[in-house]
Amino acid sequence: MSKLERLLRPKSIAVFGGKQAATVVAQSIKMGFAGEMWPVHPTKDEVAGRKAYRSVAELPGSPDAAWVGVNRHLTIEVIRALAERNAGAAVCFAAGFLETKADDADGERLQAELVAAAGEMPIIGPNCYGLINYADGALLWPDQHGGIRLAEGGLGVAIITQSSSIAISMTMQKRGLPIAILMTAGNQAQTGLSEIAHGLIEDTRVTALGLHIEGFDSVAGFERLAARARELRKPIIAMKAGRSEQARQATISHTASIAGSDAASGAFLKRLGIARVDSLPTFIETLKLLHVTGPLAGYRLSSMSYSGGEASIVADTAEGRMVCFPGLTEEHRARVRSTLGPLVAVANPLDYNTFTWNNEPALTSTFTAMVSGGFDLNMAVLDFQRPDRCSNAAPYWTIVGAFEAALKSNRANGAMVTSLHENMPEDYAVELMARGITPLFGVPEALDAAQAAAFIGSAWREPEAQPANTAGSGTRAAGRITLDEAAAKARLIQAGLPVPEGMRAGSAAEAVTSSLALGFPVALKALGVSHKSEAGAVRLNLSDVASINSAARDLLPLASELYVERMVRDGVAELIVGFTRDPIFGAVMTLGSGGVLVELLRDSATLMLPATHSDIEVALRGLKLYPLLEGYRGRPKADVTAAIGAIAGIAAFVQQNAEIEELDINPLIVCAEGKGAWIADALLVYGEDKNV
């Protein structure tokens, strides 16, 4: 058993500190931990009813796990002594390490000393509460919590968060989610979130894993985690903090982690087949669905409710999501209609009305007919009556029984969904899961959970992505060198990329000579001017000497040199192809609508490198612009194959030149079929310390 495994499934726990340490001992005793508890205190003879020891040296053995709740300076001494005693691993509760770097010069030094003192012994934190093992009753946790121990032989999900406060809130949920192990990661000074997660998914009692991420510890570590999760068929979801600038700043101050850009983080998680969710309620509901059903085979859902109101809410909520409620075939519709009265309109979502209320055989027939459509998830919308104020819940459990029978006869996945979160007591949720039905609280959360589960199922059917190319990640160059458009395009031409022919010109006469050599029409641009369109630094479709002379006179006051370029003809659409160096992920590619549309329409997709032709095509098809490329309303179809090839070539160029800090191509003009795709404008930035 590895040292980390000893922490996750301990037989003995040593606890250091005062009041919080006593809570750790008491909580483990209360939870029924069967192993040894060894409190360590310099003056007390016992802590929470257990014999206390004076030091690590006096312990009766080498502890599998330790919870260290002393000040930051003493923490280093205790960790060193535990490592020398060959302890399994330790949780470091104390704050005042790297997370205080901005305000405390000692924090960074002390964290380095802590890591050195630990040596090969894993440490969790510092600046974290620790872990709650509900499977074994082992709590290395200094505070209250709201969870319960798993039943003998029971299964549950694992959760890791970098926030101890969020962890406590998750244990207080009343949604019926069974938790096997919950951990906090703190500063990840030595043992990162991905390594902890890898240890958790190896536990046979863990069915799925939820991550609340503030910062990624290791790209390679997460790739190994995702690969192992796929092998074990244990799905992973993530809630990534840092979407807003305020959240990113708060994250860095809290954990001293580099959060990374939000778009890059999302692209990385997608690449790994880890479903991203955006709220804590959806986080909990998705874990429940994955715990009961696992990943879904697809995005096709059915919904059944006894009211048209719920049916409408479900249908409306699906708008804009990938999950859908497909229409019924005539044969399927006839099967369902045969079980209902003539006044019921058969559709999906289905309002089966109240004609069969409290008639379990009739309800079973209807549900069985509906579920027979081979949907990936079947939903029954049902808000239970309040048990404290209402007296007759029997009709509602009749619906549950009929739904359960229909699912079993069709071997189908099912979820009981409430329209209001509070309308399902926790014990009802537990009972539903015991019947193999996922209790989902809230229609939006239910659909988001289904979408996340379907995404994982889809990702697992695809080959694993290549490892991300993180070349150029890490600390960025102190300064930057920006090439003008002529120099940038010369580099791109040298790399074999599709760039229209162009020439520099220092005067109006040279511009005319260059235009005649290139052939009309041409574009004329002022070199070295950012945002040329806004600055009026570009003229297009110049088709004679007079127009070149006039344009050159207008542009020369803006720049010392001009750039004359052959115009691209037969353009159908414009794309932006951008690359930046993320400090964690290396080169990250953005595809979107060209010009200002990418910002106005928020029409873009982010990809990690390397990206295959298939990856690029999928990203393009997801853009709002894509119908233009297919020949929207009679317009010419675009040369999509050429566009994909050009984008792939540009990506390869960036990968082969790690010194590139930024490349912005806006636009990449996609021409009509057979006419290619051309780089019309380019911004290329290198690090100042590179030999450019």
# chains A, B, ... in the order shown; residues from 1 in each chain; ligands from 1
>>> residues_around(residues="region 656-668 of chain A", least_positions_apart="6", cutoff="7 Å", atoms="only C-alpha atoms", output="PyMOL selection string")
chain A and resi 471-472+574-581+594-595+677-687+690
>>> residues_around(residues="Gly186 (chain A)", least_positions_apart="5", cutoff="8 Å", atoms="only C-alpha atoms", output="list in words")
Ile124, Gly125, Pro126, Asn127, Cys128, Tyr129, Gln162, Ser163, Ser164 and Thr255 of chain A
>>> write_last_selection(atoms="all heavy atoms", output="PDB file, in the first residue's frame")
ATOM      1  N   ILE A 124      -0.857  16.899   2.554  1.00  0.00           N
ATOM      2  CA  ILE A 124      -2.027  17.537   1.954  1.00  0.00           C
ATOM      3  C   ILE A 124      -2.113  18.941   2.520  1.00  0.00           C
ATOM      4  O   ILE A 124      -2.085  19.139   3.724  1.00  0.00           O
ATOM      5  CB  ILE A 124      -3.313  16.761   2.278  1.00  0.00           C
ATOM      6  CG1 ILE A 124      -3.153  15.276   1.928  1.00  0.00           C
ATOM      7  CG2 ILE A 124      -4.493  17.371   1.543  1.00  0.00           C
ATOM      8  CD1 ILE A 124      -2.831  14.993   0.494  1.00  0.00           C
ATOM      9  N   GLY A 125      -2.214  19.951   1.659  1.00  0.00           N
ATOM     10  CA  GLY A 125      -2.219  21.332   2.091  1.00  0.00           C
ATOM     11  C   GLY A 125      -0.886  21.983   1.771  1.00  0.00           C
ATOM     12  O   GLY A 125      -0.272  21.652   0.766  1.00  0.00           O
ATOM     13  N   PRO A 126      -0.420  22.903   2.659  1.00  0.00           N
ATOM     14  CA  PRO A 126      -1.063  23.369   3.896  1.00  0.00           C
ATOM     15  C   PRO A 126      -2.281  24.244   3.599  1.00  0.00           C
ATOM     16  O   PRO A 126      -2.685  24.357   2.451  1.00  0.00           O
ATOM     17  CB  PRO A 126       0.045  24.165   4.568  1.00  0.00           C
ATOM     18  CG  PRO A 126       0.850  24.714   3.417  1.00  0.00           C
ATOM     19  CD  PRO A 126       0.833  23.624   2.373  1.00  0.00           C
ATOM     20  N   ASN A 127      -2.819  24.839   4.679  1.00  0.00           N
ATOM     21  CA  ASN A 127      -3.968  25.720   4.533  1.00  0.00           C
ATOM     22  C   ASN A 127      -5.189  24.947   4.066  1.00  0.00           C
ATOM     23  O   ASN A 127      -5.869  25.337   3.125  1.00  0.00           O
ATOM     24  CB  ASN A 127      -3.631  26.873   3.561  1.00  0.00           C
ATOM     25  CG  ASN A 127      -4.733  27.898   3.460  1.00  0.00           C
ATOM     26  OD1 ASN A 127      -5.461  28.140   4.410  1.00  0.00           O
ATOM     27  ND2 ASN A 127      -4.854  28.508   2.291  1.00  0.00           N
ATOM     28  N   CYS A 128      -5.479  23.804   4.722  1.00  0.00           N
ATOM     29  CA  CYS A 128      -6.675  23.056   4.381  1.00  0.00           C
ATOM     30  C   CYS A 128      -7.171  22.283   5.604  1.00  0.00           C
ATOM     31  O   CYS A 128      -6.413  22.038   6.543  1.00  0.00           O
ATOM     32  CB  CYS A 128      -6.421  22.096   3.217  1.00  0.00           C
ATOM     33  SG  CYS A 128      -5.524  20.607   3.644  1.00  0.00           S
ATOM     34  N   TYR A 129      -8.447  21.916   5.571  1.00  0.00           N
ATOM     35  CA  TYR A 129      -9.046  21.195   6.686  1.00  0.00           C
ATOM     36  C   TYR A 129      -8.626  19.731   6.717  1.00  0.00           C
ATOM     37  O   TYR A 129      -8.410  19.169   7.775  1.00  0.00           O
ATOM     38  CB  TYR A 129     -10.580  21.282   6.597  1.00  0.00           C
ATOM     39  CG  TYR A 129     -11.168  22.456   7.340  1.00  0.00           C
ATOM     40  CD1 TYR A 129     -10.423  23.608   7.565  1.00  0.00           C
ATOM     41  CD2 TYR A 129     -12.466  22.419   7.807  1.00  0.00           C
ATOM     42  CE1 TYR A 129     -10.972  24.690   8.246  1.00  0.00           C
ATOM     43  CE2 TYR A 129     -13.027  23.492   8.495  1.00  0.00           C
ATOM     44  CZ  TYR A 129     -12.277  24.626   8.709  1.00  0.00           C
ATOM     45  OH  TYR A 129     -12.810  25.676   9.392  1.00  0.00           O
ATOM     46  N   GLN A 162     -10.624  22.724  -3.303  1.00  0.00           N
ATOM     47  CA  GLN A 162      -9.537  23.496  -2.715  1.00  0.00           C
ATOM     48  C   GLN A 162     -10.059  24.458  -1.652  1.00  0.00           C
ATOM     49  O   GLN A 162      -9.283  25.175  -1.042  1.00  0.00           O
ATOM     50  CB  GLN A 162      -8.771  24.248  -3.808  1.00  0.00           C
ATOM     51  CG  GLN A 162      -7.927  23.310  -4.665  1.00  0.00           C
ATOM     52  CD  GLN A 162      -7.285  24.011  -5.841  1.00  0.00           C
ATOM     53  OE1 GLN A 162      -7.688  23.832  -6.969  1.00  0.00           O
ATOM     54  NE2 GLN A 162      -6.284  24.810  -5.580  1.00  0.00           N
ATOM     55  N   SER A 163     -11.357  24.458  -1.442  1.00  0.00           N
ATOM     56  CA  SER A 163     -11.961  25.346  -0.454  1.00  0.00           C
ATOM     57  C   SER A 163     -12.579  24.522   0.668  1.00  0.00           C
ATOM     58  O   SER A 163     -13.505  23.739   0.441  1.00  0.00           O
ATOM     59  CB  SER A 163     -13.041  26.213  -1.113  1.00  0.00           C
ATOM     60  OG  SER A 163     -13.849  26.842  -0.139  1.00  0.00           O
ATOM     61  N   SER A 164     -12.099  24.701   1.895  1.00  0.00           N
ATOM     62  CA  SER A 164     -12.655  23.974   3.031  1.00  0.00           C
ATOM     63  C   SER A 164     -14.091  24.405   3.314  1.00  0.00           C
ATOM     64  O   SER A 164     -14.926  23.598   3.731  1.00  0.00           O
ATOM     65  CB  SER A 164     -11.777  24.196   4.263  1.00  0.00           C
ATOM     66  OG  SER A 164     -10.458  23.723   4.039  1.00  0.00           O
ATOM     67  N   THR A 255      -5.354  30.468  -2.616  1.00  0.00           N
ATOM     68  CA  THR A 255      -4.593  29.221  -2.674  1.00  0.00           C
ATOM     69  C   THR A 255      -3.185  29.383  -3.219  1.00  0.00           C
ATOM     70  O   THR A 255      -2.428  28.418  -3.249  1.00  0.00           O
ATOM     71  CB  THR A 255      -5.302  28.193  -3.571  1.00  0.00           C
ATOM     72  OG1 THR A 255      -5.284  28.679  -4.918  1.00  0.00           O
ATOM     73  CG2 THR A 255      -6.727  27.965  -3.132  1.00  0.00           C
TER      74      THR A 255
END
>>> closest_atom_pairs(of="region 428-511 of chain A", to="region 235-240 of chain A", cutoff="10 Å", atoms="only C-alpha atoms", output="CSV")
residue,atom,partner,partner_atom,distance
A:Ala449,CA,A:Ile237,CA,10.0
A:Ala452,CA,A:Ile237,CA,7.8
A:Ala453,CA,A:Pro235,CA,8.3
A:Ile456,CA,A:Pro235,CA,7.0
A:Gly457,CA,A:Pro235,CA,8.8
A:Trp460,CA,A:Pro235,CA,9.4
>>> residues_around(residues="Val381 (chain A)", least_positions_apart="6", cutoff="8 Å", atoms="only C-alpha atoms", output="ChimeraX atom specification")
/A:303-305,310,416-419
>>> residues_around(residues="Glu58 (chain A)", least_positions_apart="5", cutoff="10 Å", atoms="only C-alpha atoms", output="list in words")
Val40, Ala52 and Tyr53 of chain A
>>> write_last_selection(atoms="all heavy atoms", output="PDB file, in the first residue's frame")
ATOM      1  N   VAL A  40      -1.512  13.745  20.130  1.00  0.00           N
ATOM      2  CA  VAL A  40      -0.192  14.175  20.605  1.00  0.00           C
ATOM      3  C   VAL A  40      -0.326  15.580  21.172  1.00  0.00           C
ATOM      4  O   VAL A  40      -0.776  16.500  20.469  1.00  0.00           O
ATOM      5  CB  VAL A  40       0.855  14.152  19.472  1.00  0.00           C
ATOM      6  CG1 VAL A  40       2.207  14.654  19.986  1.00  0.00           C
ATOM      7  CG2 VAL A  40       0.994  12.756  18.888  1.00  0.00           C
ATOM      8  N   ALA A  52      -3.067  10.494  25.402  1.00  0.00           N
ATOM      9  CA  ALA A  52      -2.248  11.431  24.637  1.00  0.00           C
ATOM     10  C   ALA A  52      -0.772  11.094  24.802  1.00  0.00           C
ATOM     11  O   ALA A  52      -0.334  10.609  25.849  1.00  0.00           O
ATOM     12  CB  ALA A  52      -2.518  12.862  25.083  1.00  0.00           C
ATOM     13  N   TYR A  53      -0.023  11.402  23.741  1.00  0.00           N
ATOM     14  CA  TYR A  53       1.421  11.178  23.746  1.00  0.00           C
ATOM     15  C   TYR A  53       2.114  12.531  23.651  1.00  0.00           C
ATOM     16  O   TYR A  53       1.559  13.519  23.169  1.00  0.00           O
ATOM     17  CB  TYR A  53       1.816  10.274  22.583  1.00  0.00           C
ATOM     18  CG  TYR A  53       1.152   8.916  22.636  1.00  0.00           C
ATOM     19  CD1 TYR A  53      -0.142   8.736  22.116  1.00  0.00           C
ATOM     20  CD2 TYR A  53       1.779   7.833  23.221  1.00  0.00           C
ATOM     21  CE1 TYR A  53      -0.776   7.501  22.178  1.00  0.00           C
ATOM     22  CE2 TYR A  53       1.157   6.582  23.289  1.00  0.00           C
ATOM     23  CZ  TYR A  53      -0.122   6.427  22.769  1.00  0.00           C
ATOM     24  OH  TYR A  53      -0.743   5.205  22.837  1.00  0.00           O
TER      25      TYR A  53
END
>>> atom_distance(atom1="CA of Pro387 (chain A)", atom2="CA of Pro439 (chain A)")
17.1 Å
>>> residues_around(residues="Gly631 (chain A)", least_positions_apart="4", cutoff="12 Å", atoms="only C-alpha atoms", output="VMD selection string")
chain A and resid 572 to 573 625 to 627 635 to 640 671 to 673
>>> write_last_selection(atoms="C-alpha atoms", output="mmCIF file, in the first residue's frame")
data_model
loop_
_atom_site.group_PDB
_atom_site.id
_atom_site.type_symbol
_atom_site.label_atom_id
_atom_site.label_comp_id
_atom_site.auth_asym_id
_atom_site.auth_seq_id
_atom_site.Cartn_x
_atom_site.Cartn_y
_atom_site.Cartn_z
ATOM 1 C CA VAL A 572 -17.434 33.615 -48.472
ATOM 2 C CA ALA A 573 -16.679 34.136 -44.766
ATOM 3 C CA LEU A 625 -20.953 31.470 -38.378
ATOM 4 C CA TYR A 626 -20.843 27.922 -39.713
ATOM 5 C CA PRO A 627 -24.100 28.071 -41.755
ATOM 6 C CA ARG A 635 -24.813 31.832 -50.930
ATOM 7 C CA PRO A 636 -21.801 29.984 -52.357
ATOM 8 C CA LYS A 637 -20.452 27.144 -50.242
ATOM 9 C CA ALA A 638 -17.059 27.787 -48.693
ATOM 10 C CA ASP A 639 -13.906 25.751 -49.112
ATOM 11 C CA VAL A 640 -14.150 24.222 -45.632
ATOM 12 C CA CYS A 671 -13.230 31.415 -50.283
ATOM 13 C CA ALA A 672 -15.756 29.519 -52.365
ATOM 14 C CA GLU A 673 -15.280 25.794 -52.889
#
>>> select_by_dssp(residues="region 500-675 of chain A", states="helix (DSSP H, G or I)", output="PyMOL selection string")
chain A and resi 508-518+532-535+545-558+597-600+613-621+626-629+632-634+640-655
>>> residues_around(residues="Asn378 (chain A)", least_positions_apart="2", cutoff="8 Å", atoms="only C-alpha atoms", output="list in words")
Leu301, Ser302, Ser303, Val371, Phe375, Asp376, Ala380, Ala412, Asn413, Gly414 and Ala415 of chain A
>>> write_last_selection(atoms="all heavy atoms", output="PDB file, in the first residue's frame")
ATOM      1  N   LEU A 301     -33.759  12.501 -24.517  1.00  0.00           N
ATOM      2  CA  LEU A 301     -34.488  12.356 -23.268  1.00  0.00           C
ATOM      3  C   LEU A 301     -35.984  12.217 -23.522  1.00  0.00           C
ATOM      4  O   LEU A 301     -36.507  12.661 -24.548  1.00  0.00           O
ATOM      5  CB  LEU A 301     -34.269  13.583 -22.374  1.00  0.00           C
ATOM      6  CG  LEU A 301     -32.840  14.081 -22.146  1.00  0.00           C
ATOM      7  CD1 LEU A 301     -32.858  15.268 -21.196  1.00  0.00           C
ATOM      8  CD2 LEU A 301     -31.943  12.981 -21.628  1.00  0.00           C
ATOM      9  N   SER A 302     -36.654  11.608 -22.546  1.00  0.00           N
ATOM     10  CA  SER A 302     -38.115  11.658 -22.514  1.00  0.00           C
ATOM     11  C   SER A 302     -38.528  12.294 -21.199  1.00  0.00           C
ATOM     12  O   SER A 302     -37.777  12.276 -20.222  1.00  0.00           O
ATOM     13  CB  SER A 302     -38.722  10.253 -22.621  1.00  0.00           C
ATOM     14  OG  SER A 302     -38.627   9.564 -21.380  1.00  0.00           O
ATOM     15  N   SER A 303     -39.717  12.863 -21.172  1.00  0.00           N
ATOM     16  CA  SER A 303     -40.239  13.462 -19.946  1.00  0.00           C
ATOM     17  C   SER A 303     -41.720  13.127 -19.831  1.00  0.00           C
ATOM     18  O   SER A 303     -42.453  13.154 -20.834  1.00  0.00           O
ATOM     19  CB  SER A 303     -40.053  14.976 -19.956  1.00  0.00           C
ATOM     20  OG  SER A 303     -40.678  15.563 -18.826  1.00  0.00           O
ATOM     21  N   VAL A 371     -41.375   4.778 -22.229  1.00  0.00           N
ATOM     22  CA  VAL A 371     -39.955   4.455 -22.027  1.00  0.00           C
ATOM     23  C   VAL A 371     -39.438   3.505 -23.098  1.00  0.00           C
ATOM     24  O   VAL A 371     -38.231   3.436 -23.353  1.00  0.00           O
ATOM     25  CB  VAL A 371     -39.759   3.863 -20.609  1.00  0.00           C
ATOM     26  CG1 VAL A 371     -38.351   3.333 -20.404  1.00  0.00           C
ATOM     27  CG2 VAL A 371     -40.081   4.917 -19.554  1.00  0.00           C
ATOM     28  N   PHE A 375     -34.880   5.909 -25.155  1.00  0.00           N
ATOM     29  CA  PHE A 375     -34.265   7.182 -24.785  1.00  0.00           C
ATOM     30  C   PHE A 375     -33.042   6.935 -23.896  1.00  0.00           C
ATOM     31  O   PHE A 375     -32.949   5.927 -23.191  1.00  0.00           O
ATOM     32  CB  PHE A 375     -35.271   8.062 -24.045  1.00  0.00           C
ATOM     33  CG  PHE A 375     -36.493   8.381 -24.860  1.00  0.00           C
ATOM     34  CD1 PHE A 375     -37.693   7.717 -24.639  1.00  0.00           C
ATOM     35  CD2 PHE A 375     -36.446   9.333 -25.859  1.00  0.00           C
ATOM     36  CE1 PHE A 375     -38.819   7.992 -25.384  1.00  0.00           C
ATOM     37  CE2 PHE A 375     -37.571   9.630 -26.620  1.00  0.00           C
ATOM     38  CZ  PHE A 375     -38.761   8.956 -26.386  1.00  0.00           C
ATOM     39  N   ASP A 376     -32.133   7.879 -23.902  1.00  0.00           N
ATOM     40  CA  ASP A 376     -30.918   7.746 -23.095  1.00  0.00           C
ATOM     41  C   ASP A 376     -31.193   8.006 -21.619  1.00  0.00           C
ATOM     42  O   ASP A 376     -30.509   7.456 -20.760  1.00  0.00           O
ATOM     43  CB  ASP A 376     -29.846   8.702 -23.617  1.00  0.00           C
ATOM     44  CG  ASP A 376     -29.512   8.434 -25.069  1.00  0.00           C
ATOM     45  OD1 ASP A 376     -29.161   7.281 -25.387  1.00  0.00           O
ATOM     46  OD2 ASP A 376     -29.644   9.350 -25.900  1.00  0.00           O
ATOM     47  N   ALA A 380     -39.350  11.503 -15.042  1.00  0.00           N
ATOM     48  CA  ALA A 380     -40.713  11.680 -14.548  1.00  0.00           C
ATOM     49  C   ALA A 380     -40.687  12.899 -13.634  1.00  0.00           C
ATOM     50  O   ALA A 380     -39.952  12.926 -12.643  1.00  0.00           O
ATOM     51  CB  ALA A 380     -41.178  10.455 -13.781  1.00  0.00           C
ATOM     52  N   ALA A 412     -34.051   0.526 -18.680  1.00  0.00           N
ATOM     53  CA  ALA A 412     -33.780   1.912 -19.065  1.00  0.00           C
ATOM     54  C   ALA A 412     -33.328   2.739 -17.869  1.00  0.00           C
ATOM     55  O   ALA A 412     -33.575   2.388 -16.708  1.00  0.00           O
ATOM     56  CB  ALA A 412     -35.030   2.531 -19.682  1.00  0.00           C
ATOM     57  N   ASN A 413     -32.660   3.848 -18.160  1.00  0.00           N
ATOM     58  CA  ASN A 413     -32.252   4.800 -17.133  1.00  0.00           C
ATOM     59  C   ASN A 413     -33.398   5.755 -16.830  1.00  0.00           C
ATOM     60  O   ASN A 413     -34.089   6.217 -17.751  1.00  0.00           O
ATOM     61  CB  ASN A 413     -31.045   5.624 -17.600  1.00  0.00           C
ATOM     62  CG  ASN A 413     -29.814   4.761 -17.808  1.00  0.00           C
ATOM     63  OD1 ASN A 413     -29.542   3.859 -17.027  1.00  0.00           O
ATOM     64  ND2 ASN A 413     -29.066   5.046 -18.864  1.00  0.00           N
ATOM     65  N   GLY A 414     -33.567   6.078 -15.535  1.00  0.00           N
ATOM     66  CA  GLY A 414     -34.647   6.978 -15.174  1.00  0.00           C
ATOM     67  C   GLY A 414     -34.282   7.928 -14.059  1.00  0.00           C
ATOM     68  O   GLY A 414     -33.446   7.619 -13.203  1.00  0.00           O
ATOM     69  N   ALA A 415     -34.913   9.089 -14.076  1.00  0.00           N
ATOM     70  CA  ALA A 415     -34.714  10.097 -13.035  1.00  0.00           C
ATOM     71  C   ALA A 415     -36.059  10.685 -12.651  1.00  0.00           C
ATOM     72  O   ALA A 415     -36.895  10.961 -13.518  1.00  0.00           O
ATOM     73  CB  ALA A 415     -33.781  11.204 -13.517  1.00  0.00           C
TER      74      ALA A 415
END
>>> select_by_dssp(residues="region 5-106 of chain A", states="strand (DSSP E or B)", output="list in words")
Ser12, Ile13, Ala14, Val15, Phe16, Gly17, Glu36, Met37, Trp38, Pro39, Val40, Glu46, Val47, Arg50, Lys51, Tyr53, Ala65, Ala66, Trp67, Val68, Gly69, Ala89, Ala90, Val91 and Cys92 of chain A
>>> residues_around(residues="region 331-340 of chain A", least_positions_apart="4", cutoff="8 Å", atoms="only C-alpha atoms", output="PDB file with all heavy atoms, in the first residue's frame")
ATOM      1  N   VAL A 344     -56.099  12.991 -24.292  1.00  0.00           N
ATOM      2  CA  VAL A 344     -54.700  13.266 -23.976  1.00  0.00           C
ATOM      3  C   VAL A 344     -53.902  13.386 -25.265  1.00  0.00           C
ATOM      4  O   VAL A 344     -53.935  12.489 -26.115  1.00  0.00           O
ATOM      5  CB  VAL A 344     -54.105  12.152 -23.088  1.00  0.00           C
ATOM      6  CG1 VAL A 344     -52.627  12.435 -22.822  1.00  0.00           C
ATOM      7  CG2 VAL A 344     -54.872  12.055 -21.776  1.00  0.00           C
ATOM      8  N   VAL A 346     -50.607  13.126 -27.209  1.00  0.00           N
ATOM      9  CA  VAL A 346     -49.370  12.361 -27.018  1.00  0.00           C
ATOM     10  C   VAL A 346     -48.207  13.116 -27.641  1.00  0.00           C
ATOM     11  O   VAL A 346     -48.220  13.431 -28.841  1.00  0.00           O
ATOM     12  CB  VAL A 346     -49.497  10.960 -27.645  1.00  0.00           C
ATOM     13  CG1 VAL A 346     -48.176  10.201 -27.507  1.00  0.00           C
ATOM     14  CG2 VAL A 346     -50.626  10.196 -26.974  1.00  0.00           C
ATOM     15  N   ALA A 347     -47.217  13.414 -26.832  1.00  0.00           N
ATOM     16  CA  ALA A 347     -46.040  14.151 -27.303  1.00  0.00           C
ATOM     17  C   ALA A 347     -44.887  13.870 -26.352  1.00  0.00           C
ATOM     18  O   ALA A 347     -45.030  13.164 -25.360  1.00  0.00           O
ATOM     19  CB  ALA A 347     -46.343  15.651 -27.363  1.00  0.00           C
ATOM     20  N   TYR A 352     -49.424  13.254 -19.282  1.00  0.00           N
ATOM     21  CA  TYR A 352     -50.315  12.096 -19.282  1.00  0.00           C
ATOM     22  C   TYR A 352     -51.623  12.361 -18.545  1.00  0.00           C
ATOM     23  O   TYR A 352     -52.482  11.490 -18.446  1.00  0.00           O
ATOM     24  CB  TYR A 352     -49.612  10.858 -18.728  1.00  0.00           C
ATOM     25  CG  TYR A 352     -49.041  10.989 -17.330  1.00  0.00           C
ATOM     26  CD1 TYR A 352     -49.825  10.780 -16.203  1.00  0.00           C
ATOM     27  CD2 TYR A 352     -47.697  11.292 -17.142  1.00  0.00           C
ATOM     28  CE1 TYR A 352     -49.294  10.888 -14.928  1.00  0.00           C
ATOM     29  CE2 TYR A 352     -47.148  11.396 -15.874  1.00  0.00           C
ATOM     30  CZ  TYR A 352     -47.945  11.201 -14.766  1.00  0.00           C
ATOM     31  OH  TYR A 352     -47.414  11.314 -13.505  1.00  0.00           O
ATOM     32  N   ALA A 362     -52.480   1.203 -14.679  1.00  0.00           N
ATOM     33  CA  ALA A 362     -52.660   2.069 -15.847  1.00  0.00           C
ATOM     34  C   ALA A 362     -51.433   2.953 -16.058  1.00  0.00           C
ATOM     35  O   ALA A 362     -50.959   3.136 -17.189  1.00  0.00           O
ATOM     36  CB  ALA A 362     -53.911   2.923 -15.674  1.00  0.00           C
ATOM     37  N   SER A 365     -48.596   0.986 -17.553  1.00  0.00           N
ATOM     38  CA  SER A 365     -48.762   0.765 -18.993  1.00  0.00           C
ATOM     39  C   SER A 365     -48.310   1.984 -19.792  1.00  0.00           C
ATOM     40  O   SER A 365     -47.599   1.869 -20.801  1.00  0.00           O
ATOM     41  CB  SER A 365     -50.229   0.451 -19.311  1.00  0.00           C
ATOM     42  OG  SER A 365     -50.617  -0.763 -18.715  1.00  0.00           O
ATOM     43  N   THR A 366     -48.727   3.172 -19.344  1.00  0.00           N
ATOM     44  CA  THR A 366     -48.348   4.404 -20.049  1.00  0.00           C
ATOM     45  C   THR A 366     -46.841   4.633 -19.983  1.00  0.00           C
ATOM     46  O   THR A 366     -46.185   4.914 -20.997  1.00  0.00           O
ATOM     47  CB  THR A 366     -49.086   5.609 -19.453  1.00  0.00           C
ATOM     48  OG1 THR A 366     -50.488   5.431 -19.617  1.00  0.00           O
ATOM     49  CG2 THR A 366     -48.649   6.901 -20.129  1.00  0.00           C
ATOM     50  N   ALA A 369     -44.906   2.155 -22.114  1.00  0.00           N
ATOM     51  CA  ALA A 369     -45.000   2.480 -23.536  1.00  0.00           C
ATOM     52  C   ALA A 369     -44.099   3.658 -23.890  1.00  0.00           C
ATOM     53  O   ALA A 369     -43.413   3.652 -24.923  1.00  0.00           O
ATOM     54  CB  ALA A 369     -46.452   2.785 -23.906  1.00  0.00           C
ATOM     55  N   MET A 370     -44.066   4.676 -23.033  1.00  0.00           N
ATOM     56  CA  MET A 370     -43.243   5.850 -23.311  1.00  0.00           C
ATOM     57  C   MET A 370     -41.761   5.504 -23.243  1.00  0.00           C
ATOM     58  O   MET A 370     -40.977   5.871 -24.129  1.00  0.00           O
ATOM     59  CB  MET A 370     -43.580   6.957 -22.305  1.00  0.00           C
ATOM     60  CG  MET A 370     -42.921   8.291 -22.609  1.00  0.00           C
ATOM     61  SD  MET A 370     -43.578   9.037 -24.124  1.00  0.00           S
ATOM     62  CE  MET A 370     -42.698  10.605 -24.123  1.00  0.00           C
ATOM     63  N   SER A 372     -40.329   2.809 -23.778  1.00  0.00           N
ATOM     64  CA  SER A 372     -39.910   1.840 -24.793  1.00  0.00           C
ATOM     65  C   SER A 372     -39.238   2.485 -25.996  1.00  0.00           C
ATOM     66  O   SER A 372     -38.744   1.788 -26.878  1.00  0.00           O
ATOM     67  CB  SER A 372     -41.115   1.023 -25.268  1.00  0.00           C
ATOM     68  OG  SER A 372     -42.014   1.830 -26.030  1.00  0.00           O
ATOM     69  N   GLY A 373     -39.203   3.801 -26.048  1.00  0.00           N
ATOM     70  CA  GLY A 373     -38.619   4.506 -27.190  1.00  0.00           C
ATOM     71  C   GLY A 373     -37.106   4.509 -27.238  1.00  0.00           C
ATOM     72  O   GLY A 373     -36.519   5.110 -28.146  1.00  0.00           O
TER      73      GLY A 373
END
>>> closest_residue(among="A:Leu350, A:Ala180, A:Ile548, A:Ala446", to="Gly153 (chain A)", atoms="only C-alpha atoms")
A:Ala180
